[in-house]
$ cat input31.json   # JSON, C-alpha atoms
[["chain", "number", "residue", "atom", "x", "y", "z"],
["A", 1, "MET", "CA", -6.91, 61.11, 56.68],
["A", 2, "PRO", "CA", -3.23, 61.44, 57.56],
["A", 3, "LYS", "CA", -2.04, 58.68, 55.23],
["A", 4, "TYR", "CA", -3.53, 60.51, 52.24],
["A", 5, "ARG", "CA", -2.07, 63.82, 53.31],
["A", 6, "GLN", "CA", 1.34, 62.12, 53.40],
["A", 7, "ARG", "CA", 1.05, 61.18, 49.72],
["A", 8, "PHE", "CA", 1.49, 64.79, 48.62],
["A", 9, "PRO", "CA", 4.06, 66.38, 50.96],
["A", 10, "GLU", "CA", 5.32, 68.79, 48.30],
["A", 11, "LEU", "CA", 1.95, 70.56, 47.87],
["A", 12, "PRO", "CA", 0.79, 73.68, 49.77],
["A", 13, "GLU", "CA", -1.73, 72.87, 52.49],
["A", 14, "ALA", "CA", -4.95, 73.67, 50.60],
["A", 15, "ASP", "CA", -3.75, 71.80, 47.50],
["A", 16, "ASN", "CA", -2.55, 68.94, 49.68],
["A", 17, "ILE", "CA", -5.99, 68.61, 51.24],
["A", 18, "TYR", "CA", -7.74, 68.64, 47.87],
["A", 19, "ALA", "CA", -5.35, 66.09, 46.36],
["A", 20, "SER", "CA", -5.84, 63.88, 49.42],
["A", 21, "VAL", "CA", -9.63, 63.98, 49.03],
["A", 22, "LEU", "CA", -9.35, 63.00, 45.37],
["A", 23, "SER", "CA", -6.90, 60.22, 46.19],
["A", 24, "HIS", "CA", -9.20, 58.87, 48.88],
["A", 25, "ALA", "CA", -12.17, 58.94, 46.49],
["A", 26, "ASP", "CA", -10.12, 57.18, 43.82],
["A", 27, "ASP", "CA", -9.20, 54.41, 46.26],
["A", 28, "ARG", "CA", -12.78, 53.93, 47.42],
["A", 29, "ILE", "CA", -14.20, 53.86, 43.89],
["A", 30, "GLY", "CA", -11.48, 51.43, 42.90],
["A", 31, "ALA", "CA", -12.47, 49.17, 45.81],
["A", 32, "VAL", "CA", -16.07, 49.09, 44.55],
["A", 33, "LEU", "CA", -15.00, 48.23, 41.00],
["A", 34, "ASP", "CA", -12.56, 45.60, 42.22],
["A", 35, "THR", "CA", -15.33, 44.01, 44.30],
["A", 36, "LEU", "CA", -17.61, 43.83, 41.27],
["A", 37, "ASP", "CA", -14.79, 42.08, 39.40],
["A", 38, "ARG", "CA", -14.17, 39.66, 42.26],
["A", 39, "LEU", "CA", -17.87, 38.78, 42.49],
["A", 40, "LYS", "CA", -18.08, 38.48, 38.70],
["A", 41, "LEU", "CA", -20.79, 41.15, 38.56],
["A", 42, "THR", "CA", -18.98, 43.66, 36.35],
["A", 43, "GLY", "CA", -20.77, 42.80, 33.11],
["A", 44, "ASN", "CA", -24.14, 42.97, 34.81],
["A", 45, "THR", "CA", -23.64, 46.26, 36.67],
["A", 46, "LEU", "CA", -24.15, 49.83, 35.50],
["A", 47, "VAL", "CA", -21.86, 52.14, 37.48],
["A", 48, "VAL", "CA", -22.41, 55.91, 37.35],
["A", 49, "PHE", "CA", -20.02, 58.50, 38.77],
["A", 50, "THR", "CA", -21.50, 61.99, 39.05],
["A", 51, "SER", "CA", -22.08, 64.86, 41.49],
["A", 52, "ASP", "CA", -24.95, 66.94, 42.83],
["A", 53, "ASN", "CA", -23.61, 70.40, 41.96],
["A", 54, "GLY", "CA", -20.57, 72.34, 40.85],
["A", 55, "PRO", "CA", -17.64, 73.08, 43.17],
["A", 56, "ALA", "CA", -18.19, 75.05, 46.35],
["A", 57, "ARG", "CA", -16.59, 78.45, 46.73],
["A", 58, "THR", "CA", -16.60, 81.33, 49.18],
["A", 59, "ALA", "CA", -17.54, 84.79, 47.99],
["A", 60, "LYS", "CA", -14.88, 86.25, 50.27],
["A", 61, "PRO", "CA", -11.54, 84.94, 51.61],
["A", 62, "THR", "CA", -12.09, 82.31, 54.30],
["A", 63, "PRO", "CA", -9.48, 80.87, 56.66],
["A", 64, "LEU", "CA", -8.56, 77.21, 56.22],
["A", 65, "GLU", "CA", -9.72, 75.54, 59.43],
["A", 66, "LEU", "CA", -10.40, 72.01, 60.61],
["A", 67, "THR", "CA", -14.09, 71.76, 61.53],
["A", 68, "TYR", "CA", -16.52, 69.06, 62.65],
["A", 69, "ASP", "CA", -19.73, 68.09, 60.89],
["A", 70, "THR", "CA", -22.29, 65.89, 62.66],
["A", 71, "ALA", "CA", -22.89, 63.95, 59.44],
["A", 72, "THR", "CA", -19.38, 63.54, 58.05],
["A", 73, "GLY", "CA", -17.13, 64.08, 61.07],
["A", 74, "ALA", "CA", -13.92, 66.09, 61.15],
["A", 75, "GLY", "CA", -12.79, 67.82, 57.99],
["A", 76, "TYR", "CA", -11.83, 71.03, 56.30],
["A", 77, "GLY", "CA", -14.57, 73.41, 55.22],
["A", 78, "ILE", "CA", -15.27, 75.32, 52.07],
["A", 79, "ALA", "CA", -11.89, 77.08, 52.15],
["A", 80, "ALA", "CA", -10.32, 73.79, 51.02],
["A", 81, "SER", "CA", -12.56, 73.49, 47.95],
["A", 82, "LYS", "CA", -10.49, 73.48, 44.76],
["A", 83, "GLY", "CA", -12.89, 72.13, 42.13],
["A", 84, "ILE", "CA", -12.89, 73.71, 38.68],
["A", 85, "THR", "CA", -15.68, 74.48, 36.23],
["A", 86, "ALA", "CA", -13.71, 74.44, 32.95],
["A", 87, "GLY", "CA", -14.42, 78.12, 32.39],
["A", 88, "ARG", "CA", -18.14, 77.99, 33.14],
["A", 89, "LYS", "CA", -19.72, 80.79, 35.16],
["A", 90, "GLY", "CA", -20.51, 80.47, 38.84],
["A", 91, "TYR", "CA", -20.12, 77.61, 41.28],
["A", 92, "LYS", "CA", -22.28, 75.78, 43.84],
["A", 93, "ALA", "CA", -25.64, 77.57, 44.43],
["A", 94, "ALA", "CA", -25.54, 79.27, 41.01],
["A", 95, "LEU", "CA", -27.83, 78.23, 38.15],
["A", 96, "PHE", "CA", -25.21, 79.03, 35.55],
["A", 97, "GLU", "CA", -23.30, 76.02, 34.25],
["A", 98, "GLY", "CA", -20.56, 76.34, 36.86],
["A", 99, "GLY", "CA", -23.19, 75.54, 39.49],
["A", 100, "ILE", "CA", -25.29, 72.88, 37.77],
["A", 101, "GLY", "CA", -22.88, 71.29, 35.30],
["A", 102, "VAL", "CA", -21.33, 68.18, 36.88],
["A", 103, "PRO", "CA", -19.15, 65.23, 35.92],
["A", 104, "PHE", "CA", -20.97, 62.21, 34.50],
["A", 105, "ILE", "CA", -19.11, 58.97, 33.84],
["A", 106, "ALA", "CA", -20.90, 55.69, 33.18],
["A", 107, "ARG", "CA", -19.39, 52.19, 33.00],
["A", 108, "TRP", "CA", -21.13, 49.03, 31.83],
["A", 109, "PRO", "CA", -18.77, 46.69, 29.96],
["A", 110, "GLY", "CA", -20.41, 45.22, 26.89],
["A", 111, "ARG", "CA", -23.19, 47.82, 26.95],
["A", 112, "ILE", "CA", -21.38, 51.17, 27.10],
["A", 113, "ALA", "CA", -18.34, 51.69, 24.85],
["A", 114, "ALA", "CA", -15.14, 52.34, 26.79],
["A", 115, "GLY", "CA", -13.51, 55.72, 26.21],
["A", 116, "ARG", "CA", -16.42, 57.23, 24.27],
["A", 117, "VAL", "CA", -17.18, 60.91, 25.00],
["A", 118, "ASP", "CA", -20.65, 62.32, 24.28],
["A", 119, "THR", "CA", -20.68, 66.12, 24.03],
["A", 120, "ASN", "CA", -24.15, 66.35, 22.46],
["A", 121, "SER", "CA", -26.62, 64.75, 24.86],
["A", 122, "LEU", "CA", -28.23, 66.57, 27.79],
["A", 123, "ILE", "CA", -28.53, 64.33, 30.85],
["A", 124, "SER", "CA", -29.80, 65.32, 34.29],
["A", 125, "ALA", "CA", -29.92, 63.62, 37.67],
["A", 126, "VAL", "CA", -33.72, 63.40, 37.29],
["A", 127, "ASP", "CA", -33.07, 60.96, 34.44],
["A", 128, "LEU", "CA", -31.35, 58.42, 36.69],
["A", 129, "LEU", "CA", -34.49, 56.75, 38.06],
["A", 130, "PRO", "CA", -36.12, 56.04, 34.66],
["A", 131, "THR", "CA", -32.71, 55.09, 33.24],
["A", 132, "PHE", "CA", -32.00, 52.57, 36.01],
["A", 133, "CYS", "CA", -35.49, 51.12, 35.67],
["A", 134, "ALA", "CA", -35.02, 50.72, 31.93],
["A", 135, "ALA", "CA", -31.62, 49.07, 32.47],
["A", 136, "ALA", "CA", -33.19, 46.61, 34.92],
["A", 137, "GLY", "CA", -36.20, 45.95, 32.70],
["A", 138, "VAL", "CA", -38.58, 47.40, 35.26],
["A", 139, "ASN", "CA", -41.62, 49.40, 34.20],
["A", 140, "LEU", "CA", -42.54, 52.49, 36.19],
["A", 141, "PRO", "CA", -46.15, 52.56, 37.46],
["A", 142, "ALA", "CA", -48.55, 53.86, 34.80],
["A", 143, "SER", "CA", -49.73, 56.59, 37.19],
["A", 144, "TYR", "CA", -46.19, 57.83, 37.89],
["A", 145, "ARG", "CA", -44.98, 60.83, 35.91],
["A", 146, "PRO", "CA", -41.19, 61.10, 36.27],
["A", 147, "ASP", "CA", -39.43, 64.43, 35.87],
["A", 148, "GLY", "CA", -36.75, 62.71, 33.84],
["A", 149, "VAL", "CA", -36.52, 60.42, 30.85],
["A", 150, "SER", "CA", -34.66, 57.16, 30.27],
["A", 151, "GLN", "CA", -31.19, 57.79, 28.89],
["A", 152, "LEU", "CA", -30.32, 54.12, 28.44],
["A", 153, "ALA", "CA", -30.22, 54.33, 24.64],
["A", 154, "THR", "CA", -28.00, 57.41, 24.88],
["A", 155, "LEU", "CA", -25.57, 55.70, 27.26],
["A", 156, "GLU", "CA", -25.37, 52.71, 24.96],
["A", 157, "GLY", "CA", -24.64, 54.98, 22.00],
["A", 158, "ARG", "CA", -27.75, 53.93, 20.09],
["A", 159, "VAL", "CA", -29.19, 57.46, 19.77],
["A", 160, "TYR", "CA", -28.01, 61.06, 19.97],
["A", 161, "ALA", "CA", -31.46, 62.57, 19.84],
["A", 162, "ARG", "CA", -32.26, 65.99, 21.21],
["A", 163, "ARG", "CA", -33.95, 65.95, 24.57],
["A", 164, "GLU", "CA", -37.67, 66.67, 24.10],
["A", 165, "LYS", "CA", -38.53, 67.18, 27.77],
["A", 166, "PRO", "CA", -37.40, 70.53, 29.24],
["A", 167, "LEU", "CA", -35.35, 70.76, 32.41],
["A", 168, "PHE", "CA", -36.13, 73.27, 35.15],
["A", 169, "TRP", "CA", -34.25, 74.69, 38.15],
["A", 170, "LYS", "CA", -35.32, 76.95, 41.00],
["A", 171, "PHE", "CA", -33.24, 78.63, 43.70],
["A", 172, "ASN", "CA", -33.85, 81.46, 46.16],
["A", 173, "SER", "CA", -31.22, 83.67, 44.54],
["A", 174, "PRO", "CA", -30.79, 87.36, 45.48],
["A", 175, "TRP", "CA", -31.41, 90.30, 43.17],
["A", 176, "PRO", "CA", -29.63, 92.52, 42.26],
["A", 177, "PRO", "CA", -26.43, 90.48, 41.83],
["A", 178, "SER", "CA", -23.79, 90.70, 44.51],
["A", 179, "LYS", "CA", -20.39, 92.10, 43.56],
["A", 180, "ASP", "CA", -18.78, 89.12, 45.29],
["A", 181, "ALA", "CA", -21.04, 86.56, 43.53],
["A", 182, "PRO", "CA", -22.06, 88.06, 40.17],
["A", 183, "TYR", "CA", -23.44, 84.79, 38.73],
["A", 184, "HIS", "CA", -25.71, 83.86, 41.62],
["A", 185, "TRP", "CA", -28.73, 85.97, 40.67],
["A", 186, "ALA", "CA", -30.78, 83.51, 38.56],
["A", 187, "ALA", "CA", -33.80, 82.24, 40.51],
["A", 188, "ASP", "CA", -35.56, 80.21, 37.80],
["A", 189, "VAL", "CA", -34.16, 78.42, 34.76],
["A", 190, "VAL", "CA", -35.61, 76.43, 31.89],
["A", 191, "GLU", "CA", -33.46, 74.52, 29.42],
["A", 192, "ASN", "CA", -35.20, 73.18, 26.32],
["A", 193, "GLN", "CA", -33.02, 71.38, 23.78],
["A", 194, "ASN", "CA", -30.09, 73.74, 23.16],
["A", 195, "TRP", "CA", -31.73, 76.87, 24.64],
["A", 196, "LYS", "CA", -31.35, 77.97, 28.25],
["A", 197, "LEU", "CA", -33.27, 80.88, 29.80],
["A", 198, "LEU", "CA", -32.26, 82.29, 33.20],
["A", 199, "VAL", "CA", -34.68, 84.61, 35.03],
["A", 200, "ASN", "CA", -34.27, 86.64, 38.22],
["A", 201, "ARG", "CA", -36.62, 86.38, 41.18],
["A", 202, "ASP", "CA", -39.09, 89.11, 40.13],
["A", 203, "GLY", "CA", -38.95, 88.41, 36.38],
["A", 204, "SER", "CA", -37.48, 91.82, 35.56],
["A", 205, "HIS", "CA", -34.28, 90.41, 34.01],
["A", 206, "CYS", "CA", -33.52, 87.38, 31.90],
["A", 207, "GLU", "CA", -30.66, 86.00, 29.82],
["A", 208, "LEU", "CA", -30.78, 83.50, 26.95],
["A", 209, "TYR", "CA", -27.98, 81.20, 25.79],
["A", 210, "ASP", "CA", -27.48, 78.69, 23.01],
["A", 211, "MET", "CA", -25.85, 75.92, 25.02],
["A", 212, "ALA", "CA", -24.76, 73.92, 21.98],
["A", 213, "ALA", "CA", -22.75, 76.83, 20.57],
["A", 214, "ASP", "CA", -21.94, 78.59, 23.84],
["A", 215, "PRO", "CA", -21.58, 76.20, 26.81],
["A", 216, "CYS", "CA", -19.77, 78.87, 28.84],
["A", 217, "GLU", "CA", -22.77, 81.23, 28.56],
["A", 218, "SER", "CA", -20.76, 84.17, 27.30],
["A", 219, "ASN", "CA", -23.14, 85.54, 24.63],
["A", 220, "ASP", "CA", -26.59, 86.62, 25.91],
["A", 221, "LEU", "CA", -29.08, 86.36, 23.01],
["A", 222, "ALA", "CA", -32.23, 87.47, 24.84],
["A", 223, "LYS", "CA", -32.65, 90.86, 23.12],
["A", 224, "GLY", "CA", -32.38, 89.35, 19.65],
["A", 225, "GLN", "CA", -34.76, 86.42, 20.33],
["A", 226, "PRO", "CA", -37.94, 87.91, 21.88],
["A", 227, "ASP", "CA", -40.29, 85.20, 20.55],
["A", 228, "LEU", "CA", -38.09, 82.43, 21.90],
["A", 229, "VAL", "CA", -37.79, 84.20, 25.25],
["A", 230, "ASN", "CA", -41.59, 84.45, 25.48],
["A", 231, "GLN", "CA", -41.99, 80.77, 24.58],
["A", 232, "LEU", "CA", -39.53, 79.67, 27.24],
["A", 233, "MET", "CA", -41.09, 82.05, 29.74],
["A", 234, "ARG", "CA", -44.47, 80.37, 29.15],
["A", 235, "GLU", "CA", -42.92, 76.95, 29.73],
["A", 236, "LEU", "CA", -41.30, 78.21, 32.92],
["A", 237, "LYS", "CA", -44.57, 79.68, 34.25],
["A", 238, "GLU", "CA", -46.46, 76.47, 33.46],
["A", 239, "TRP", "CA", -43.87, 74.53, 35.43],
["A", 240, "GLN", "CA", -44.00, 77.01, 38.32],
["A", 241, "ALA", "CA", -47.79, 76.66, 38.45],
["A", 242, "SER", "CA", -47.43, 72.88, 38.74],
["A", 243, "LEU", "CA", -45.24, 73.05, 41.85],
["A", 244, "PRO", "CA", -46.82, 72.12, 45.20],
["A", 245, "ALA", "CA", -47.24, 74.77, 47.88],
["A", 246, "GLY", "CA", -45.01, 72.72, 50.18],
["A", 247, "PRO", "CA", -43.40, 69.29, 50.55],
["A", 248, "ASP", "CA", -45.67, 66.25, 50.84],
["A", 249, "SER", "CA", -45.73, 65.01, 54.44],
["A", 250, "ARG", "CA", -45.23, 61.46, 53.12],
["A", 251, "CYS", "CA", -41.68, 62.48, 52.15],
["A", 252, "PHE", "CA", -40.66, 62.72, 55.80],
["A", 253, "SER", "CA", -39.91, 59.91, 58.22],
["A", 254, "ARG", "CA", -41.67, 59.30, 61.51],
["A", 255, "GLU", "CA", -38.43, 60.21, 63.26],
["A", 256, "ARG", "CA", -38.54, 63.68, 61.70],
["A", 257, "ALA", "CA", -42.06, 64.18, 63.04],
["A", 258, "LYS", "CA", -40.82, 63.37, 66.55],
["A", 259, "SER", "CA", -37.97, 65.87, 66.43],
["A", 260, "LYS", "CA", -38.41, 69.33, 67.90],
["A", 261, "PRO", "CA", -37.87, 72.41, 65.72],
["A", 262, "ASN", "CA", -34.75, 74.46, 66.44]]
$ encode --input "input31.json" --output "structure tokens"
Amino acid sequence: MPKYRQRFPELPEADNIYASVLSHADDRIGAVLDTLDRLKLTGNTLVVFTSDNGPARTAKPTPLELTYDTATGAGYGIAASKGITAGRKGYKAALFEGGIGVPFIARWPGRIAAGRVDTNSLISAVDLLPTFCAAAGVNLPASYRPDGVSQLATLEGRVYARREKPLFWKFNSPWPPSKDAPYHWAADVVENQNWKLLVNRDGSHCELYDMAADPCESNDLAKGQPDLVNQLMRELKEWQASLPAGPDSRCFSRERAKSKPN
């Protein structure tokens, strides 16, 4: 929006665009929080700020151009992306921490301590549903098996327990690695407590990291930990075997069924 671009006239164009996006987001989030205050709902509302993946990047130089998206309207494409990963490998579409590590800020006055930073707990987006249900005092159906776990006690600072339920990721990543995208080769990942195993698409290569000691994944420990690698590989294969052959048709709307394939 022009008014946001005008807030940062001294910045080069790409930086100006990025600063404008952040400023716009800050205004909109502030409007939500102000509305909660005005309606006197602040103390009864859990607000979570997070993201779905790490920052987008192009493998090769891309011109900065104004484009149009049918969902979001006019805007600048990936060339305007300026997000950082704090030294972590990869970016969006990579299963290294630069691709899957995201911001996570929670606010609930009286329940979550202001200004507290937790660098020990492992929280995933799959935990949001059981966490929200726990916060609202709602029990999930007995037959429902969520992928995540409730993190309410963690958010409230009551526990700093290690996560007992592994996390898994899957992506159709190429092998061998591309010179332009060297950290986009991992196709399957399992993270159990502080250990993270990344495996390529045919299982011929894997890397192991201690995420508590090495969050930037700089020291591959796979060769020195064969038993642990085998254990995590078994967990990964069990998870892979549990995946459906395709999406459940009940996940799609009637409107999708009416649409014609491209």
$ closest_residue --input "input31.json" --among "A:Ala74, A:Ile100, A:Leu122, A:Ile112" --to "Val189 in chain A" --atoms "all atoms listed in the file"
A:Ile100
$ residues_around --input "input31.json" --residues "Thr58 in chain A" --least-positions-apart "3" --cutoff "12 Å" --atoms "all atoms listed in the file" --output "compact mmCIF listing (two decimals) with C-alpha atoms, in the frame of the given file"
# COMPACT_ATOMS: atom_id res chain seq x y z
CA PRO A 55 -17.64 73.08 43.17
CA PRO A 61 -11.54 84.94 51.61
CA THR A 62 -12.09 82.31 54.30
CA PRO A 63 -9.48 80.87 56.66
CA LEU A 64 -8.56 77.21 56.22
CA GLY A 77 -14.57 73.41 55.22
CA ILE A 78 -15.27 75.32 52.07
CA ALA A 79 -11.89 77.08 52.15
CA ALA A 80 -10.32 73.79 51.02
CA SER A 81 -12.56 73.49 47.95
CA LYS A 82 -10.49 73.48 44.76
CA GLY A 90 -20.51 80.47 38.84
CA TYR A 91 -20.12 77.61 41.28
CA LYS A 92 -22.28 75.78 43.84
CA ALA A 93 -25.64 77.57 44.43
CA ASP A 180 -18.78 89.12 45.29
CA ALA A 181 -21.04 86.56 43.53
$ residues_around --input "input31.json" --residues "Ala135 in chain A" --least-positions-apart "6" --cutoff "12 Å" --atoms "all atoms listed in the file" --output "ChimeraX atom specification"
/A:44-47,108,111-112,128-129,150-156
$ atom_distance --input "input31.json" --atom1 "CA of Leu167 in chain A" --atom2 "CA of Ala142 in chain A"
21.6 Å
$ atom_distance --input "input31.json" --atom1 "CA of Ala113 in chain A" --atom2 "CA of Val21 in chain A"
28.5 Å
$ atom_distance --input "input31.json" --atom1 "CA of Asp220 in chain A" --atom2 "CA of Cys206 in chain A"
9.2 Å
$ closest_residue --input "input31.json" --among "A:Thr50, A:Gln231, A:Asn192, A:Ser121" --to "Arg158 in chain A" --atoms "only C-alpha atoms"
A:Ser121
$ residues_around --input "input31.json" --residues "Arg201 in chain A" --least-positions-apart "2" --cutoff "12 Å" --atoms "only C-alpha atoms" --output "list in words"
Lys170, Phe171, Asn172, Ser173, Pro174, Trp175, Pro176, Pro177, His184, Trp185, Ala186, Ala187, Asp188, Val189, Leu198, Val199, Gly203, Ser204, His205 and Cys206 of chain A
$ write_last_selection --input "input31.json" --atoms "C-alpha atoms" --output "PDB file, in the coordinates of the input"
ATOM      1  CA  LYS A 170     -35.320  76.950  41.000  1.00  0.00           C
ATOM      2  CA  PHE A 171     -33.240  78.630  43.700  1.00  0.00           C
ATOM      3  CA  ASN A 172     -33.850  81.460  46.160  1.00  0.00           C
ATOM      4  CA  SER A 173     -31.220  83.670  44.540  1.00  0.00           C
ATOM      5  CA  PRO A 174     -30.790  87.360  45.480  1.00  0.00           C
ATOM      6  CA  TRP A 175     -31.410  90.300  43.170  1.00  0.00           C
ATOM      7  CA  PRO A 176     -29.630  92.520  42.260  1.00  0.00           C
ATOM      8  CA  PRO A 177     -26.430  90.480  41.830  1.00  0.00           C
ATOM      9  CA  HIS A 184     -25.710  83.860  41.620  1.00  0.00           C
ATOM     10  CA  TRP A 185     -28.730  85.970  40.670  1.00  0.00           C
ATOM     11  CA  ALA A 186     -30.780  83.510  38.560  1.00  0.00           C
ATOM     12  CA  ALA A 187     -33.800  82.240  40.510  1.00  0.00           C
ATOM     13  CA  ASP A 188     -35.560  80.210  37.800  1.00  0.00           C
ATOM     14  CA  VAL A 189     -34.160  78.420  34.760  1.00  0.00           C
ATOM     15  CA  LEU A 198     -32.260  82.290  33.200  1.00  0.00           C
ATOM     16  CA  VAL A 199     -34.680  84.610  35.030  1.00  0.00           C
ATOM     17  CA  GLY A 203     -38.950  88.410  36.380  1.00  0.00           C
ATOM     18  CA  SER A 204     -37.480  91.820  35.560  1.00  0.00           C
ATOM     19  CA  HIS A 205     -34.280  90.410  34.010  1.00  0.00           C
ATOM     20  CA  CYS A 206     -33.520  87.380  31.900  1.00  0.00           C
TER      21      CYS A 206
END
$ axis_aligned_box --input "input31.json" --around "range 171-175 of chain A" --padding-each-side "5 Å" --output "lines of an AutoDock Vina configuration file"
center_x = -32.3
center_y = 84.5
center_z = 44.7
size_x = 13.1
size_y = 21.7
size_z = 13.0
$ closest_residue --input "input31.json" --among "A:Val159, A:Val48, A:Met233, A:Cys251" --to "Ala125 in chain A" --atoms "all atoms listed in the file"
A:Val48
$ closest_residue --input "input31.json" --among "A:Tyr144, A:Tyr209, A:Tyr183, A:Trp195" --to "Arg163 in chain A" --atoms "only C-alpha atoms"
A:Trp195
$ residues_around --input "input31.json" --residues "Leu228 in chain A" --least-positions-apart "6" --cutoff "10 Å" --atoms "only C-alpha atoms" --output "list in words"
Trp195, Leu197, Leu208, Leu221, Ala222 and Arg234 of chain A
$ closest_residue --input "input31.json" --among "A:Val229, A:Leu140, A:Ile17, A:Cys133" --to "Gly75 in chain A" --atoms "all atoms listed in the file"
A:Ile17
$ closest_residue --input "input31.json" --among "A:Asn194, A:Thr85, A:Thr72, A:Asn16" --to "Gly54 in chain A" --atoms "all atoms listed in the file"
A:Thr85
$ residues_near_point --input "input31.json" --point "(-28.0, 69.1, 31.3)" --cutoff "7 Å" --atoms "all atoms listed in the file" --output "NGL selection string"
:A and (101 or 122-124)
$ residues_around --input "input31.json" --residues "Gly87 in chain A" --least-positions-apart "3" --cutoff "10 Å" --atoms "all atoms listed in the file" --output "list in words"
Ile84, Gly90, Glu97, Gly98, Pro215, Cys216 and Glu217 of chain A
$ build_atoms --input "input31.json" --residues "range 182-188 of chain A" --atoms "all heavy atoms" --output "mmCIF file, keeping the file's coordinate frame"
data_model
loop_
_atom_site.group_PDB
_atom_site.id
_atom_site.type_symbol
_atom_site.label_atom_id
_atom_site.label_comp_id
_atom_site.auth_asym_id
_atom_site.auth_seq_id
_atom_site.Cartn_x
_atom_site.Cartn_y
_atom_site.Cartn_z
ATOM 1 N N PRO A 182 -21.302 87.463 41.282
ATOM 2 C CA PRO A 182 -22.060 88.060 40.170
ATOM 3 C C PRO A 182 -22.902 87.085 39.365
ATOM 4 O O PRO A 182 -23.773 87.519 38.597
ATOM 5 C CB PRO A 182 -20.950 88.655 39.295
ATOM 6 C CG PRO A 182 -19.727 87.842 39.606
ATOM 7 C CD PRO A 182 -19.844 87.510 41.058
ATOM 8 N N TYR A 183 -22.681 85.776 39.519
ATOM 9 C CA TYR A 183 -23.440 84.790 38.730
ATOM 10 C C TYR A 183 -24.433 84.004 39.577
ATOM 11 O O TYR A 183 -24.896 82.943 39.163
ATOM 12 C CB TYR A 183 -22.469 83.838 38.030
ATOM 13 C CG TYR A 183 -21.485 84.565 37.143
ATOM 14 C CD1 TYR A 183 -20.111 84.451 37.366
ATOM 15 C CD2 TYR A 183 -21.916 85.374 36.101
ATOM 16 C CE1 TYR A 183 -19.198 85.128 36.573
ATOM 17 C CE2 TYR A 183 -21.019 86.056 35.300
ATOM 18 C CZ TYR A 183 -19.659 85.926 35.531
ATOM 19 O OH TYR A 183 -18.763 86.600 34.740
ATOM 20 N N HIS A 184 -24.788 84.554 40.725
ATOM 21 C CA HIS A 184 -25.710 83.860 41.620
ATOM 22 C C HIS A 184 -27.059 84.568 41.717
ATOM 23 O O HIS A 184 -27.727 84.503 42.740
ATOM 24 C CB HIS A 184 -25.079 83.716 43.009
ATOM 25 C CG HIS A 184 -23.996 82.689 43.066
ATOM 26 N ND1 HIS A 184 -22.825 82.799 42.351
ATOM 27 C CD2 HIS A 184 -23.912 81.514 43.724
ATOM 28 C CE1 HIS A 184 -22.059 81.753 42.577
ATOM 29 N NE2 HIS A 184 -22.695 80.960 43.401
ATOM 30 N N TRP A 185 -27.489 85.207 40.636
ATOM 31 C CA TRP A 185 -28.730 85.970 40.670
ATOM 32 C C TRP A 185 -29.920 85.211 40.074
ATOM 33 O O TRP A 185 -31.079 85.548 40.344
ATOM 34 C CB TRP A 185 -28.566 87.285 39.892
ATOM 35 C CG TRP A 185 -28.141 87.087 38.458
ATOM 36 C CD1 TRP A 185 -26.873 87.151 37.965
ATOM 37 C CD2 TRP A 185 -28.990 86.787 37.343
ATOM 38 N NE1 TRP A 185 -26.866 86.918 36.614
ATOM 39 C CE2 TRP A 185 -28.142 86.684 36.204
ATOM 40 C CE3 TRP A 185 -30.363 86.609 37.191
ATOM 41 C CZ2 TRP A 185 -28.646 86.391 34.935
ATOM 42 C CZ3 TRP A 185 -30.861 86.312 35.931
ATOM 43 C CH2 TRP A 185 -30.007 86.204 34.809
ATOM 44 N N ALA A 186 -29.679 84.201 39.242
ATOM 45 C CA ALA A 186 -30.780 83.510 38.560
ATOM 46 C C ALA A 186 -31.596 82.702 39.562
ATOM 47 O O ALA A 186 -31.062 81.883 40.308
ATOM 48 C CB ALA A 186 -30.234 82.604 37.459
ATOM 49 N N ALA A 187 -32.915 82.928 39.580
ATOM 50 C CA ALA A 187 -33.800 82.240 40.510
ATOM 51 C C ALA A 187 -34.571 81.107 39.840
ATOM 52 O O ALA A 187 -34.960 80.144 40.500
ATOM 53 C CB ALA A 187 -34.783 83.227 41.144
ATOM 54 N N ASP A 188 -34.826 81.232 38.536
ATOM 55 C CA ASP A 188 -35.560 80.210 37.800
ATOM 56 C C ASP A 188 -34.887 80.002 36.450
ATOM 57 O O ASP A 188 -34.455 80.961 35.799
ATOM 58 C CB ASP A 188 -37.016 80.622 37.579
ATOM 59 C CG ASP A 188 -37.785 80.725 38.880
ATOM 60 O OD1 ASP A 188 -38.196 79.670 39.402
ATOM 61 O OD2 ASP A 188 -37.962 81.850 39.388
#
